[in-house]
Number of protein chains: 2
Amino acid sequence: MWQADAAQLAQLDAAFRRNLINSLPGYKPLHLLGTKSASGITNLALFSQVIHLGADPPLVGILFRPHTVKRDSLENILEAGVFTLNHVRTDAYVQAHWTSASWEQSEFAATGFKEEYKAGVLAPFVQDSPVQLACSLVETQTLAINLTILLIAKIEQVFVDEKGLREDGSLDLNTLEIAAVTGLDEYHSGQSLGRLSYAKPGKIPTKI
Amino acid sequence: MWQADAAQLAQLDAAFRRNLINSLPGYKPLHLLGTKSASGITNLALFSQVIHLGADPPLVGILFRPHTVKRDSLENILEAGVFTLNHVRTDAYVQAHWTSASWEQSEFAATGFKEEYKAGVLAPFVQDSPVQLACSLVETQTLAINLTILLIAKIEQVFVDEKGLREDGSLDLNTLEIAAVTGLDEYHSGQSLGRLSYAKPGKIPTKI
């Protein structure tokens, strides 16, 4: 095994360390976050740090890292109170990656994603995204240790392509052709290994 | 598109809603968290809520949901200050899922994962895991909205199977055969679509 302790990690080449530490969590979700500024300019930003915070009420958390992520999204959310999350299909990962460039204009126009608007939601959705969420800001917390911002939001509306919605409410991400990301720049498709029965002592879980 | 607003989500069957909301984030990482109690009993618990918080110092965040996740891991971490994170190989996902049963004894002995100890680390690692981290507790924050606990930890030691460590520090999760999870009970292998060049305006990103 290759190994490094904290002191050795601190002495590594900065790019090597950044690639390594960003790879350590493993597979991460991939979302395009859509917002609109007070002056009407839309913004689309790629996020891998979207986490489930609760099912009832339905809450998501998003981490914003002040020094490495463009702040337009956060400022728009703080101002408007609403945003959208849109899953990225595997056939759109290059286009999605491109949204992370330093665009002067809206990332929608720049990269070719189409804006879609739905009743009651100010922020733009990504047209043809198989899972779209409208979210409202609940609060933000700043982590003292490195000024990372945890934004907590309520899921106000859910839109899912029916073909990927199972009878029990779970989503079939393979059928929806949803992409994942690892590290800073690598994209993946997923292949289901199976769903497993509720785990109980004494009997190894079986496929359901 | 199937759709539901917040009021409709609240009226859904509880199991359907739980499956749906837990599926919305998309692909999630899969970690086995190893701890040891003051009385010497080891614990191994499955976590999908492990997030990158920073590269320098290297920090991870872990979400603990008080009402749905066994508390042994959290209590052991608060007591001992240390724990391990171990990625799950695709050939061990059934065994990993089984750790989530309500075992009386240590999940290691119960499910067949082998404990591995390394110099200077009290907590047990999972033998043969391709990515192993030793972490120390920094602090915990309780989210007022639903009492979810965000635990912040420093990565003290990194162990990676060399075959998956690229020259630039990124990890090849396909070569390491690392699994991902979606929803509450589905496991996946990943298939790389490619790595992309740093995104710049005016030129679509290319594979690197």
# chains A, B, ... in the order shown; residues from 1 in each chain; ligands from 1
$ interface_residues --of "chain B" --to "chain A" --cutoff "6 Å" --atoms "only C-alpha atoms" --output "PyMOL selection string"
chain B and resi 1-6+16+18-21+23+26-29+55+98+101+103+156-162+168-171+185-196+199-201
$ atom_distance --atom1 "atom CA of Glu115 of chain B" --atom2 "atom CA of Leu176 of chain B"
19.8 Å
$ residues_around --residues "segment 37-42 of chain B" --least-positions-apart "2" --cutoff "9 Å" --atoms "only C-alpha atoms" --output "list of chain:residue names"
B:Gly34, B:Thr35, B:Leu44, B:Asp72, B:Ser73, B:Glu75, B:Asn76, B:Ile77, B:Glu79, B:Ala80, B:Gln105, B:Ser106, B:Glu107, B:Phe108, B:Glu115, B:Ala123, B:Pro124
$ write_last_selection --atoms "C-alpha atoms" --output "short mmCIF file (atom, residue, chain, number, x, y, z; two decimals), in the first residue's frame"
data_model
loop_
_atom_site.label_atom_id
_atom_site.label_comp_id
_atom_site.auth_asym_id
_atom_site.auth_seq_id
_atom_site.Cartn_x
_atom_site.Cartn_y
_atom_site.Cartn_z
CA GLY B 34 -14.36 1.45 11.96
CA THR B 35 -14.23 2.34 15.66
CA LEU B 44 -18.10 -1.32 11.76
CA ASP B 72 -22.33 3.27 18.42
CA SER B 73 -20.00 4.78 15.82
CA GLU B 75 -20.28 7.52 20.61
CA ASN B 76 -17.03 5.67 19.99
CA ILE B 77 -15.63 8.58 17.98
CA GLU B 79 -14.95 8.95 23.23
CA ALA B 80 -11.79 7.83 21.45
CA GLN B 105 -21.56 -8.46 18.71
CA SER B 106 -18.95 -6.61 16.63
CA GLU B 107 -19.93 -6.27 12.98
CA PHE B 108 -16.43 -7.48 12.08
CA GLU B 115 -9.82 -6.24 11.51
CA ALA B 123 -9.37 2.08 15.59
CA PRO B 124 -9.62 -1.00 13.36
#
$ select_by_dssp --residues "segment 2-195 of chain B" --states "helix (DSSP H, G or I)" --output "ChimeraX atom specification"
/B:6-11,14-23,72-80,90-98,107-111,162-164
$ select_by_dssp --residues "segment 11-90 of chain A" --states "strand (DSSP E)" --output "JSON, numbers by chain"
{"A": [28, 29, 31, 32, 33, 34, 35, 36, 42, 43, 44, 45, 46, 47, 50, 51, 52, 53, 54, 55, 58, 59, 60, 61, 62, 63, 64, 82, 83, 84, 85, 86, 87]}
